[in-house]
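One file, start26.json, is given below (JSON, C-alpha atoms).
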[["chain", "number", "residue", "atom", "x", "y", "z"],
["F", 1012, "MET", "CA", 7.56, 12.96, -10.52],
["F", 1013, "THR", "CA", 8.74, 14.31, -13.92],
["F", 1014, "PRO", "CA", 11.30, 12.12, -15.74],
["F", 1015, "LEU", "CA", 14.62, 13.70, -16.68],
["F", 1016, "VAL", "CA", 16.08, 13.70, -20.21],
["F", 1017, "ARG", "CA", 16.20, 10.14, -21.48],
["F", 1018, "VAL", "CA", 19.54, 8.37, -21.01],
["F", 1019, "LYS", "CA", 20.04, 5.03, -22.72],
["F", 1020, "ASN", "CA", 21.72, 2.05, -21.07],
["F", 1021, "MET", "CA", 21.60, 3.44, -17.55],
["F", 1022, "LEU", "CA", 23.14, 1.23, -14.89],
["F", 1023, "VAL", "CA", 20.87, 1.53, -11.86],
["F", 1024, "ASP", "CA", 21.58, 0.24, -8.35],
["F", 1025, "PHE", "CA", 18.65, -1.39, -6.60],
["F", 1026, "THR", "CA", 17.69, -3.30, -3.48],
["F", 1027, "LYS", "CA", 14.92, -5.86, -3.41],
["F", 1028, "MET", "CA", 12.91, -6.14, -0.19],
["F", 1029, "GLU", "CA", 9.63, -7.69, 0.87],
["F", 1030, "GLY", "CA", 6.97, -7.26, 3.50],
["F", 1031, "LEU", "CA", 4.65, -10.25, 3.94],
["F", 1032, "GLY", "CA", 5.42, -11.40, 0.40],
["F", 1033, "ASN", "CA", 4.56, -7.98, -1.04],
["F", 1034, "ASP", "CA", 7.86, -7.38, -2.88],
["F", 1035, "PHE", "CA", 9.53, -4.11, -3.81],
["F", 1036, "ILE", "CA", 12.47, -2.72, -5.72],
["F", 1037, "ILE", "CA", 14.02, 0.21, -3.85],
["F", 1038, "ILE", "CA", 15.89, 2.79, -5.91],
["F", 1039, "ASP", "CA", 17.66, 5.65, -4.15],
["F", 1040, "ARG", "CA", 17.39, 8.70, -6.42],
["F", 1041, "ARG", "CA", 19.13, 11.12, -4.08],
["F", 1042, "GLY", "CA", 22.02, 12.86, -5.80],
["F", 1043, "LYS", "CA", 21.55, 10.89, -9.03],
["F", 1044, "LYS", "CA", 20.30, 11.97, -12.45],
["F", 1045, "LEU", "CA", 18.17, 8.94, -13.22],
["F", 1046, "SER", "CA", 15.82, 9.07, -16.19],
["F", 1047, "LEU", "CA", 13.02, 6.73, -15.20],
["F", 1048, "GLY", "CA", 9.63, 6.68, -16.90],
["F", 1049, "LYS", "CA", 6.78, 4.24, -17.38],
["F", 1050, "ALA", "CA", 8.72, 1.97, -19.76],
["F", 1051, "GLU", "CA", 11.61, 1.62, -17.31],
["F", 1052, "PHE", "CA", 9.30, 1.00, -14.36],
["F", 1053, "LYS", "CA", 7.46, -1.74, -16.26],
["F", 1054, "GLN", "CA", 10.77, -3.33, -17.25],
["F", 1055, "ILE", "CA", 11.98, -3.33, -13.64],
["F", 1056, "ALA", "CA", 8.74, -4.91, -12.38],
["F", 1057, "ASP", "CA", 8.55, -7.58, -15.11],
["F", 1058, "ARG", "CA", 9.18, -10.96, -13.50],
["F", 1059, "ARG", "CA", 10.55, -12.50, -16.72],
["F", 1060, "LEU", "CA", 12.33, -9.61, -18.46],
["F", 1061, "GLY", "CA", 13.30, -7.50, -15.45],
["F", 1062, "ILE", "CA", 13.89, -7.99, -11.73],
["F", 1063, "GLY", "CA", 10.28, -8.59, -10.73],
["F", 1064, "CYS", "CA", 8.25, -6.84, -8.06],
["F", 1065, "ASP", "CA", 4.80, -5.61, -7.08],
["F", 1066, "GLN", "CA", 5.93, -2.00, -6.73],
["F", 1067, "ILE", "CA", 8.98, 0.24, -7.07],
["F", 1068, "LEU", "CA", 9.91, 2.58, -4.22],
["F", 1069, "LEU", "CA", 11.84, 5.73, -5.12],
["F", 1070, "ILE", "CA", 13.72, 7.41, -2.28],
["F", 1071, "GLY", "CA", 14.16, 11.14, -2.76],
["F", 1072, "ASN", "CA", 15.31, 14.25, -0.95],
["F", 1073, "THR", "CA", 13.03, 16.40, 1.15],
["F", 1074, "SER", "CA", 13.21, 20.12, 1.89],
["F", 1075, "ARG", "CA", 11.10, 19.81, 5.05],
["F", 1076, "ALA", "CA", 12.92, 20.21, 8.35],
["F", 1077, "ASP", "CA", 10.47, 17.89, 10.13],
["F", 1078, "VAL", "CA", 10.92, 14.97, 7.69],
["F", 1079, "ASP", "CA", 13.81, 12.49, 7.45],
["F", 1080, "PHE", "CA", 13.16, 11.25, 3.91],
["F", 1081, "SER", "CA", 10.65, 11.22, 1.08],
["F", 1082, "TYR", "CA", 9.61, 8.39, -1.17],
["F", 1083, "ALA", "CA", 7.29, 7.68, -4.08],
["F", 1084, "VAL", "CA", 5.47, 4.46, -4.99],
["F", 1085, "VAL", "CA", 5.19, 3.14, -8.54],
["F", 1086, "ASN", "CA", 2.93, 0.19, -9.39],
["F", 1087, "GLY", "CA", 4.04, -2.70, -11.56],
["F", 1088, "ASP", "CA", 2.17, -1.23, -14.53],
["F", 1089, "GLY", "CA", 4.14, 2.02, -14.32],
["F", 1090, "SER", "CA", 1.42, 4.10, -12.67],
["F", 1091, "PHE", "CA", 2.04, 6.01, -9.43],
["F", 1092, "ALA", "CA", 0.33, 5.01, -6.17],
["F", 1093, "SER", "CA", -0.52, 7.40, -3.36],
["F", 1094, "HIS", "CA", 0.69, 5.29, -0.43],
["F", 1095, "CYS", "CA", 1.95, 1.84, 0.54],
["F", 1096, "GLY", "CA", 2.24, 0.64, 4.11],
["F", 1097, "ASN", "CA", 4.29, -2.49, 3.40],
["F", 1098, "GLY", "CA", 6.60, -0.39, 1.25],
["F", 1099, "LEU", "CA", 7.08, 2.23, 3.94],
["F", 1100, "ARG", "CA", 8.22, -0.44, 6.39],
["F", 1101, "CYS", "CA", 10.78, -1.66, 3.84],
["F", 1102, "VAL", "CA", 12.12, 1.83, 3.12],
["F", 1103, "ALA", "CA", 12.43, 2.53, 6.85],
["F", 1104, "LEU", "CA", 14.41, -0.68, 7.45],
["F", 1105, "TYR", "CA", 16.58, 0.03, 4.39],
["F", 1106, "LEU", "CA", 17.56, 3.47, 5.73],
["F", 1107, "ARG", "CA", 17.87, 2.31, 9.35],
["F", 1108, "ASN", "CA", 20.35, -0.42, 8.40],
["F", 1109, "ARG", "CA", 22.43, 2.24, 6.63],
["F", 1110, "ASN", "CA", 22.39, 4.37, 9.79],
["F", 1111, "GLU", "CA", 20.63, 7.18, 7.92],
["F", 1112, "ILE", "CA", 17.74, 7.25, 10.38],
["F", 1113, "GLY", "CA", 17.31, 6.22, 14.00],
["F", 1114, "ASP", "CA", 14.72, 3.86, 15.44],
["F", 1115, "ARG", "CA", 12.13, 6.62, 14.95],
["F", 1116, "ALA", "CA", 11.76, 8.63, 11.76],
["F", 1117, "SER", "CA", 9.28, 10.51, 9.60],
["F", 1118, "ALA", "CA", 8.58, 10.08, 5.89],
["F", 1119, "GLU", "CA", 6.96, 12.32, 3.31],
["F", 1120, "ILE", "CA", 4.86, 10.91, 0.48],
["F", 1121, "GLY", "CA", 2.56, 12.97, -1.69],
["F", 1122, "GLY", "CA", 2.71, 15.93, 0.68],
["F", 1123, "SER", "CA", 1.64, 13.85, 3.72],
["F", 1124, "VAL", "CA", 3.91, 12.89, 6.61],
["F", 1125, "TYR", "CA", 3.96, 9.43, 8.23],
["F", 1126, "HIS", "CA", 5.94, 8.30, 11.27],
["F", 1127, "VAL", "CA", 7.76, 4.98, 11.58],
["F", 1128, "GLU", "CA", 9.40, 3.11, 14.45],
["F", 1129, "VAL", "CA", 11.81, 0.19, 14.11],
["F", 1130, "LEU", "CA", 10.89, -2.12, 17.00],
["F", 1131, "SER", "CA", 13.34, -4.95, 16.28],
["F", 1132, "GLU", "CA", 15.49, -6.35, 13.49],
["F", 1133, "ASN", "CA", 12.51, -6.81, 11.18],
["F", 1134, "GLN", "CA", 9.43, -5.51, 13.03],
["F", 1135, "ILE", "CA", 8.41, -1.99, 12.07],
["F", 1136, "LYS", "CA", 5.49, 0.07, 13.38],
["F", 1137, "VAL", "CA", 4.06, 2.68, 11.02],
["F", 1138, "ASN", "CA", 1.71, 5.58, 11.65],
["F", 1139, "MET", "CA", -0.63, 5.29, 8.66],
["F", 1140, "GLY", "CA", -2.54, 8.53, 9.17],
["F", 1141, "VAL", "CA", -6.22, 9.25, 9.74],
["F", 1142, "PRO", "CA", -8.75, 7.19, 7.72],
["F", 1143, "ASP", "CA", -10.87, 9.42, 5.51],
["F", 1144, "PHE", "CA", -14.48, 8.37, 4.87],
["F", 1145, "LEU", "CA", -15.58, 11.40, 2.83],
["F", 1146, "PRO", "CA", -16.75, 10.08, -0.58],
["F", 1147, "GLU", "CA", -15.22, 12.94, -2.57],
["F", 1148, "ASN", "CA", -11.81, 12.22, -1.02],
["F", 1149, "ILE", "CA", -12.12, 8.58, -2.07],
["F", 1150, "GLY", "CA", -13.18, 9.44, -5.61],
["F", 1151, "LEU", "CA", -16.90, 8.74, -5.13],
["F", 1152, "PHE", "CA", -18.35, 12.07, -6.16],
["F", 1153, "SER", "CA", -21.93, 10.85, -6.65],
["F", 1154, "LYS", "CA", -22.33, 9.37, -3.14],
["F", 1155, "SER", "CA", -23.38, 10.73, 0.25],
["F", 1156, "ILE", "CA", -21.26, 9.57, 3.19],
["F", 1157, "SER", "CA", -22.28, 6.18, 4.60],
["F", 1158, "ASP", "CA", -20.76, 3.13, 6.25],
["F", 1159, "ARG", "CA", -22.40, 1.00, 3.53],
["F", 1160, "TYR", "CA", -22.66, 1.52, -0.22],
["F", 1161, "THR", "CA", -24.00, -0.85, -2.87],
["F", 1162, "PHE", "CA", -22.82, -1.83, -6.34],
["F", 1163, "SER", "CA", -24.66, -4.15, -8.72],
["F", 1164, "ILE", "CA", -22.71, -7.00, -10.33],
["F", 1165, "THR", "CA", -24.65, -9.29, -12.70],
["F", 1166, "GLY", "CA", -27.90, -8.44, -10.96],
["F", 1167, "SER", "CA", -26.64, -8.94, -7.40],
["F", 1168, "GLU", "CA", -26.10, -6.10, -4.94],
["F", 1169, "VAL", "CA", -22.64, -6.05, -3.36],
["F", 1170, "VAL", "CA", -22.44, -4.10, -0.09],
["F", 1171, "TYR", "CA", -19.13, -2.34, 0.55],
["F", 1172, "GLY", "CA", -17.48, 0.30, 2.68],
["F", 1173, "ALA", "CA", -15.20, 2.97, 1.26],
["F", 1174, "VAL", "CA", -12.26, 4.77, 2.85],
["F", 1175, "SER", "CA", -9.02, 6.49, 1.90],
["F", 1176, "ILE", "CA", -5.80, 5.46, 3.63],
["F", 1177, "GLY", "CA", -3.81, 7.88, 1.51],
["F", 1178, "ASN", "CA", -5.24, 5.90, -1.44],
["F", 1179, "PRO", "CA", -8.82, 4.75, -2.19],
["F", 1180, "HIS", "CA", -10.23, 1.45, -0.92],
["F", 1181, "ALA", "CA", -13.49, -0.41, -1.32],
["F", 1182, "VAL", "CA", -13.96, -2.99, 1.45],
["F", 1183, "ILE", "CA", -16.32, -5.96, 1.12],
["F", 1184, "GLU", "CA", -17.18, -8.35, 3.96],
["F", 1185, "VAL", "CA", -17.65, -11.90, 2.66],
["F", 1186, "LYS", "CA", -18.82, -15.11, 4.33],
["F", 1187, "SER", "CA", -15.99, -17.14, 2.81],
["F", 1188, "LEU", "CA", -12.83, -15.93, 1.09],
["F", 1189, "ILE", "CA", -12.31, -19.36, -0.46],
["F", 1190, "ASP", "CA", -15.67, -19.13, -2.21],
["F", 1191, "THR", "CA", -15.21, -15.50, -3.36],
["F", 1192, "ASP", "CA", -14.19, -14.71, -6.95],
["F", 1193, "VAL", "CA", -11.74, -11.97, -6.00],
["F", 1194, "PRO", "CA", -10.33, -11.26, -9.51],
["F", 1195, "THR", "CA", -13.73, -10.93, -11.20],
["F", 1196, "ILE", "CA", -15.30, -8.74, -8.53],
["F", 1197, "GLY", "CA", -12.11, -6.72, -8.04],
["F", 1198, "LYS", "CA", -11.78, -5.93, -11.75],
["F", 1199, "LYS", "CA", -15.48, -5.06, -12.01],
["F", 1200, "PHE", "CA", -15.22, -2.61, -9.11],
["F", 1201, "GLN", "CA", -12.16, -0.97, -10.62],
["F", 1202, "LEU", "CA", -13.85, -0.56, -14.00],
["F", 1203, "ASP", "CA", -17.44, 0.33, -13.19],
["F", 1204, "ALA", "CA", -18.03, 1.25, -9.52],
["F", 1205, "GLY", "CA", -17.53, 4.96, -10.11],
["F", 1206, "PHE", "CA", -14.21, 5.56, -8.33],
["F", 1207, "ARG", "CA", -12.73, 8.54, -10.16],
["F", 1208, "ASN", "CA", -9.08, 7.60, -9.63],
["F", 1209, "GLY", "CA", -9.42, 3.84, -9.48],
["F", 1210, "VAL", "CA", -9.68, 1.79, -6.31],
["F", 1211, "ASN", "CA", -8.09, -1.01, -4.31],
["F", 1212, "VAL", "CA", -10.68, -3.69, -3.53],
["F", 1213, "GLY", "CA", -10.42, -5.61, -0.25],
["F", 1214, "PHE", "CA", -12.36, -8.73, 0.74],
["F", 1215, "PHE", "CA", -12.39, -9.67, 4.42],
["F", 1216, "GLU", "CA", -13.81, -12.63, 6.31],
["F", 1217, "PHE", "CA", -14.75, -11.97, 9.94],
["F", 1218, "LEU", "CA", -13.24, -14.48, 12.40],
["F", 1219, "ASN", "CA", -13.84, -12.59, 15.65],
["F", 1220, "ASP", "CA", -13.72, -8.98, 16.80],
["F", 1221, "SER", "CA", -9.91, -9.02, 16.91],
["F", 1222, "SER", "CA", -9.10, -11.18, 13.88],
["F", 1223, "ILE", "CA", -9.99, -11.18, 10.17],
["F", 1224, "THR", "CA", -8.64, -12.76, 6.99],
["F", 1225, "LEU", "CA", -8.13, -10.53, 3.96],
["F", 1226, "ARG", "CA", -7.37, -10.55, 0.25],
["F", 1227, "VAL", "CA", -6.83, -7.39, -1.78],
["F", 1228, "TRP", "CA", -7.19, -6.80, -5.52],
["F", 1229, "GLU", "CA", -4.77, -3.89, -5.74],
["F", 1230, "ARG", "CA", -4.96, -0.97, -8.15],
["F", 1231, "GLY", "CA", -2.21, -1.32, -10.77],
["F", 1232, "VAL", "CA", -1.03, -4.66, -9.33],
["F", 1233, "GLY", "CA", -3.88, -7.17, -9.08],
["F", 1234, "ASP", "CA", -3.91, -9.99, -6.53],
["F", 1235, "THR", "CA", -1.17, -9.43, -3.97],
["F", 1236, "PRO", "CA", 0.07, -11.54, -1.01],
["F", 1237, "ALA", "CA", -0.40, -8.58, 1.33],
["F", 1238, "CYS", "CA", -1.50, -4.96, 1.28],
["F", 1239, "GLY", "CA", -0.75, -2.67, 4.21],
["F", 1240, "THR", "CA", -3.20, 0.10, 3.35],
["F", 1241, "GLY", "CA", -5.76, -2.60, 2.47],
["F", 1242, "ALA", "CA", -5.42, -4.09, 5.95],
["F", 1243, "CYS", "CA", -5.86, -0.62, 7.47],
["F", 1244, "ALA", "CA", -8.91, 0.03, 5.28],
["F", 1245, "ALA", "CA", -10.59, -3.25, 6.29],
["F", 1246, "VAL", "CA", -10.07, -2.54, 9.99],
["F", 1247, "ALA", "CA", -11.23, 1.07, 9.63],
["F", 1248, "VAL", "CA", -14.47, -0.06, 7.99],
["F", 1249, "GLY", "CA", -14.95, -2.82, 10.58],
["F", 1250, "VAL", "CA", -14.39, -0.43, 13.49],
["F", 1251, "GLN", "CA", -16.69, 2.14, 11.85],
["F", 1252, "ARG", "CA", -19.44, -0.50, 11.73],
["F", 1253, "GLY", "CA", -18.82, -1.57, 15.34],
["F", 1254, "ILE", "CA", -17.82, -5.17, 14.57],
["F", 1255, "LEU", "CA", -14.06, -4.95, 15.20],
["F", 1256, "SER", "CA", -12.05, -4.02, 18.28],
["F", 1257, "GLN", "CA", -9.31, -1.39, 18.51],
["F", 1258, "ALA", "CA", -6.53, -3.93, 17.83],
["F", 1259, "VAL", "CA", -7.00, -6.45, 15.02],
["F", 1260, "SER", "CA", -4.79, -9.18, 13.57],
["F", 1261, "VAL", "CA", -5.24, -9.10, 9.79],
["F", 1262, "LYS", "CA", -4.28, -12.43, 8.22],
["F", 1263, "GLN", "CA", -3.26, -12.29, 4.56],
["F", 1264, "PRO", "CA", -1.66, -14.91, 2.29],
["F", 1265, "GLY", "CA", 1.77, -13.36, 2.92],
["F", 1266, "GLY", "CA", 1.42, -13.13, 6.71],
["F", 1267, "ASP", "CA", -0.17, -11.15, 9.51],
["F", 1268, "LEU", "CA", -0.35, -7.44, 10.33],
["F", 1269, "LEU", "CA", -1.44, -5.85, 13.60],
["F", 1270, "ILE", "CA", -3.69, -2.86, 12.93],
["F", 1271, "GLU", "CA", -4.67, -0.53, 15.78],
["F", 1272, "TRP", "CA", -7.29, 2.22, 15.65],
["F", 1273, "ASP", "CA", -9.57, 3.60, 18.37],
["F", 1274, "GLY", "CA", -12.24, 4.78, 15.92],
["F", 1275, "GLN", "CA", -12.11, 8.37, 17.11],
["F", 1276, "LYS", "CA", -12.29, 11.25, 14.65],
["F", 1277, "GLY", "CA", -8.78, 12.52, 13.92],
["F", 1278, "SER", "CA", -7.05, 9.45, 15.39],
["F", 1279, "ASN", "CA", -4.26, 7.75, 13.45],
["F", 1280, "LEU", "CA", -4.17, 4.13, 12.39],
["F", 1281, "MET", "CA", -1.08, 2.19, 13.50],
["F", 1282, "MET", "CA", 0.29, -0.81, 11.62],
["F", 1283, "THR", "CA", 2.95, -3.26, 12.82],
["F", 1284, "GLY", "CA", 4.53, -5.88, 10.58],
["F", 1285, "THR", "CA", 7.73, -7.28, 9.12],
["F", 1286, "ALA", "CA", 10.17, -6.15, 6.45],
["F", 1287, "ARG", "CA", 13.06, -8.15, 5.03],
["F", 1288, "TYR", "CA", 15.97, -7.83, 2.62],
["F", 1289, "VAL", "CA", 16.01, -10.16, -0.40],
["F", 1290, "PHE", "CA", 19.00, -9.08, -2.48],
["F", 1291, "GLU", "CA", 20.87, -6.14, -4.04],
["F", 1292, "GLY", "CA", 22.15, -5.61, -7.58],
["F", 1293, "LYS", "CA", 22.35, -3.45, -10.69],
["F", 1294, "ILE", "CA", 20.11, -3.36, -13.73],
["F", 1295, "THR", "CA", 20.73, -1.82, -17.14],
["F", 1296, "LEU", "CA", 17.75, 0.16, -18.43]]
Show me, as structure tokens, the structure contained in the file I just sent.
Amino acid sequence: MTPLVRVKNMLVDFTKMEGLGNDFIIIDRRGKKLSLGKAEFKQIADRRLGIGCDQILLIGNTSRADVDFSYAVVNGDGSFASHCGNGLRCVALYLRNRNEIGDRASAEIGGSVYHVEVLSENQIKVNMGVPDFLPENIGLFSKSISDRYTFSITGSEVVYGAVSIGNPHAVIEVKSLIDTDVPTIGKKFQLDAGFRNGVNVGFFEFLNDSSITLRVWERGVGDTPACGTGACAAVAVGVQRGILSQAVSVKQPGGDLLIEWDGQKGSNLMMTGTARYVFEGKITL
């Protein structure tokens, strides 16, 4: 998204929302000449000098007849993300409560279309698309497709799965999340594991075939209370390996998500979880 000519002291309307503690600033760009670049995004996301959020969601117009709205995702460091499941639920609820969409709608992000359904006041079901296991589509150009890859960290081999849920994920099964050094391993993966466009790193602990716990070291964000695409990635890898069922409760620090996938080629992942308003306001940038 190319910034417009710089305008100083812009007064920008925003809405803060959250999904499982993953918090967002929503800015509706439709019909407005907003000049927003990396510096402004970082200011908005700063929890001391700005509003504070994990990511910024920019609602835009769409020229597609089959799509109700488009949106873009900006990380707290000012970089753009390819997709965000928790964010999509928040945008859908934001528009539904303004009567701009019905209980069912479609969204465009990065040229892909995703479908959403508002089930209740704060429960939203999202079609997250088809998981993509091809290494080159995840940014792993030196790998042949596999359900298990390895990466050496301080002499130890870490086994991981890799999948794209609109953005790249490495998924690591661990015996104990409490005993796992998520920041160190997550940063090491992002720096040295060979993912061309960076990677989100998920760590899941198997509870049973329909329940896991998860933490995600997110690209451009770091440790986050919840990650929708990360939950989808963990389930996709678990189903691919034959250890998870077609409906899995993913427990994260911010709350639980229901992820459904039948494991069939070409089948879409479905994610159900909450979204909630926090507050609205204006910020001068």
Quiz prompt | d(atom CA of His1126 of chain F, atom CA of Asn1138 of chain F) in Å | solution = 5.0 Å
Self-check item: Residue neighbourhood segment 1254-1269 of chain F, 6 Å, all atoms listed in the file, exclusion window fewer than 5 positions, as a list of chain:residue names
Solution: F:Leu1031, F:Gly1032, F:Asp1220, F:Ser1221, F:Ser1222, F:Ile1223, F:Thr1224, F:Leu1225, F:Pro1236, F:Ala1237, F:Gly1249, F:Met1282, F:Thr1283, F:Gly1284
Could you write those residues out with C-alpha atoms, as a PDB file, in the frame of the given file?
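File again_34.pdb, as written:
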ATOM      1  CA  LEU F1031       4.650 -10.250   3.940  1.00  0.00           C
ATOM      2  CA  GLY F1032       5.420 -11.400   0.400  1.00  0.00           C
ATOM      3  CA  ASP F1220     -13.720  -8.980  16.800  1.00  0.00           C
ATOM      4  CA  SER F1221      -9.910  -9.020  16.910  1.00  0.00           C
ATOM      5  CA  SER F1222      -9.100 -11.180  13.880  1.00  0.00           C
ATOM      6  CA  ILE F1223      -9.990 -11.180  10.170  1.00  0.00           C
ATOM      7  CA  THR F1224      -8.640 -12.760   6.990  1.00  0.00           C
ATOM      8  CA  LEU F1225      -8.130 -10.530   3.960  1.00  0.00           C
ATOM      9  CA  PRO F1236       0.070 -11.540  -1.010  1.00  0.00           C
ATOM     10  CA  ALA F1237      -0.400  -8.580   1.330  1.00  0.00           C
ATOM     11  CA  GLY F1249     -14.950  -2.820  10.580  1.00  0.00           C
ATOM     12  CA  MET F1282       0.290  -0.810  11.620  1.00  0.00           C
ATOM     13  CA  THR F1283       2.950  -3.260  12.820  1.00  0.00           C
ATOM     14  CA  GLY F1284       4.530  -5.880  10.580  1.00  0.00           C
TER      15      GLY F1284
END
Self-check item: Atom-to-atom span, atom CA of Glu1168 of chain F and atom CA of Asn1211 of chain F, Å
Solution: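 One can read the atom CA of Glu1168 of chain F to atom CA of Asn1211 of chain F distance as 18.7 Å.
Counting from atom CA of Phe1080 of chain F, the distance to atom CA of Ala1116 of chain F is 8.4 Å.
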Closest-contact table, segment 1149-1216 of chain F side, partner segment 1084-1106 of chain F, 10 Å, counting only C-alpha atoms, as a tab-separated table:
residue	atom	partner	partner_atom	distance
F:Ile1176	CA	F:His1094	CA	7.7
F:Gly1177	CA	F:His1094	CA	5.5
F:Asn1178	CA	F:Ser1093	CA	5.3
F:Pro1179	CA	F:Ser1093	CA	8.8
Based on the selection just made, write C-alpha atoms of those residues as a compact mmCIF listing (two decimals), in the coordinates of the input.
# COMPACT_ATOMS: atom_id res chain seq x y z
CA ILE F 1176 -5.80 5.46 3.63
CA GLY F 1177 -3.81 7.88 1.51
CA ASN F 1178 -5.24 5.90 -1.44
CA PRO F 1179 -8.82 4.75 -2.19
Quiz item: Within 8 Å of Gly1150 of chain F, counting all atoms listed in the file, which residues qualify if same-chain residues fewer than 3 places away don't, as number ranges by chain?
Solution: F: 1146-1147, 1179, 1205-1209
Quiz item: Hey, what's within 8 Å of Ile1055 of chain F if we count only C-alpha atoms and toss same-chain stuff fewer than 5 positions away? As a PyMOL selection string, please?
Solution: chain F and resi 1036+1060-1064
Residue completion, segment 1037-1043 of chain F, all heavy atoms, as a short mmCIF file (atom, residue, chain, number, x, y, z; two decimals), keeping the file's coordinate frame:
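Written out: part_13.cif:
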data_model
loop_
_atom_site.label_atom_id
_atom_site.label_comp_id
_atom_site.auth_asym_id
_atom_site.auth_seq_id
_atom_site.Cartn_x
_atom_site.Cartn_y
_atom_site.Cartn_z
N ILE F 1037 13.70 -1.11 -4.39
CA ILE F 1037 14.02 0.21 -3.85
C ILE F 1037 15.14 0.82 -4.68
O ILE F 1037 16.18 0.20 -4.90
CB ILE F 1037 14.44 0.11 -2.37
CG1 ILE F 1037 13.26 -0.36 -1.51
CG2 ILE F 1037 14.97 1.45 -1.87
CD1 ILE F 1037 13.58 -0.51 -0.05
N ILE F 1038 14.90 2.04 -5.16
CA ILE F 1038 15.89 2.79 -5.91
C ILE F 1038 16.09 4.13 -5.21
O ILE F 1038 15.13 4.87 -5.00
CB ILE F 1038 15.45 3.01 -7.37
CG1 ILE F 1038 15.33 1.65 -8.09
CG2 ILE F 1038 16.44 3.92 -8.11
CD1 ILE F 1038 14.80 1.75 -9.50
N ASP F 1039 17.33 4.40 -4.83
CA ASP F 1039 17.66 5.65 -4.15
C ASP F 1039 18.03 6.70 -5.20
O ASP F 1039 19.09 6.61 -5.84
CB ASP F 1039 18.82 5.41 -3.20
CG ASP F 1039 19.05 6.58 -2.25
OD1 ASP F 1039 18.54 7.68 -2.53
OD2 ASP F 1039 19.72 6.37 -1.22
N ARG F 1040 17.16 7.68 -5.39
CA ARG F 1040 17.39 8.70 -6.42
C ARG F 1040 18.17 9.90 -5.92
O ARG F 1040 18.49 10.80 -6.70
CB ARG F 1040 16.03 9.20 -6.96
CG ARG F 1040 15.28 8.17 -7.76
CD ARG F 1040 13.95 8.69 -8.25
NE ARG F 1040 14.08 9.90 -9.05
CZ ARG F 1040 13.41 10.12 -10.18
NH1 ARG F 1040 12.59 9.20 -10.66
NH2 ARG F 1040 13.55 11.25 -10.84
N ARG F 1041 18.48 9.94 -4.65
CA ARG F 1041 19.13 11.12 -4.08
C ARG F 1041 20.52 11.33 -4.69
O ARG F 1041 21.35 10.44 -4.68
CB ARG F 1041 19.24 10.96 -2.56
CG ARG F 1041 17.90 10.95 -1.85
CD ARG F 1041 18.05 10.61 -0.39
NE ARG F 1041 18.62 9.29 -0.19
CZ ARG F 1041 18.91 8.77 1.00
NH1 ARG F 1041 18.67 9.47 2.10
NH2 ARG F 1041 19.42 7.56 1.10
N GLY F 1042 20.73 12.51 -5.23
CA GLY F 1042 22.02 12.86 -5.80
C GLY F 1042 22.32 12.20 -7.13
O GLY F 1042 23.46 12.25 -7.60
N LYS F 1043 21.33 11.59 -7.76
CA LYS F 1043 21.55 10.89 -9.03
C LYS F 1043 20.62 11.44 -10.11
O LYS F 1043 19.48 11.78 -9.84
CB LYS F 1043 21.30 9.39 -8.85
CG LYS F 1043 22.17 8.74 -7.79
CD LYS F 1043 21.74 7.32 -7.53
CE LYS F 1043 22.56 6.70 -6.40
NZ LYS F 1043 22.10 5.34 -6.06
#
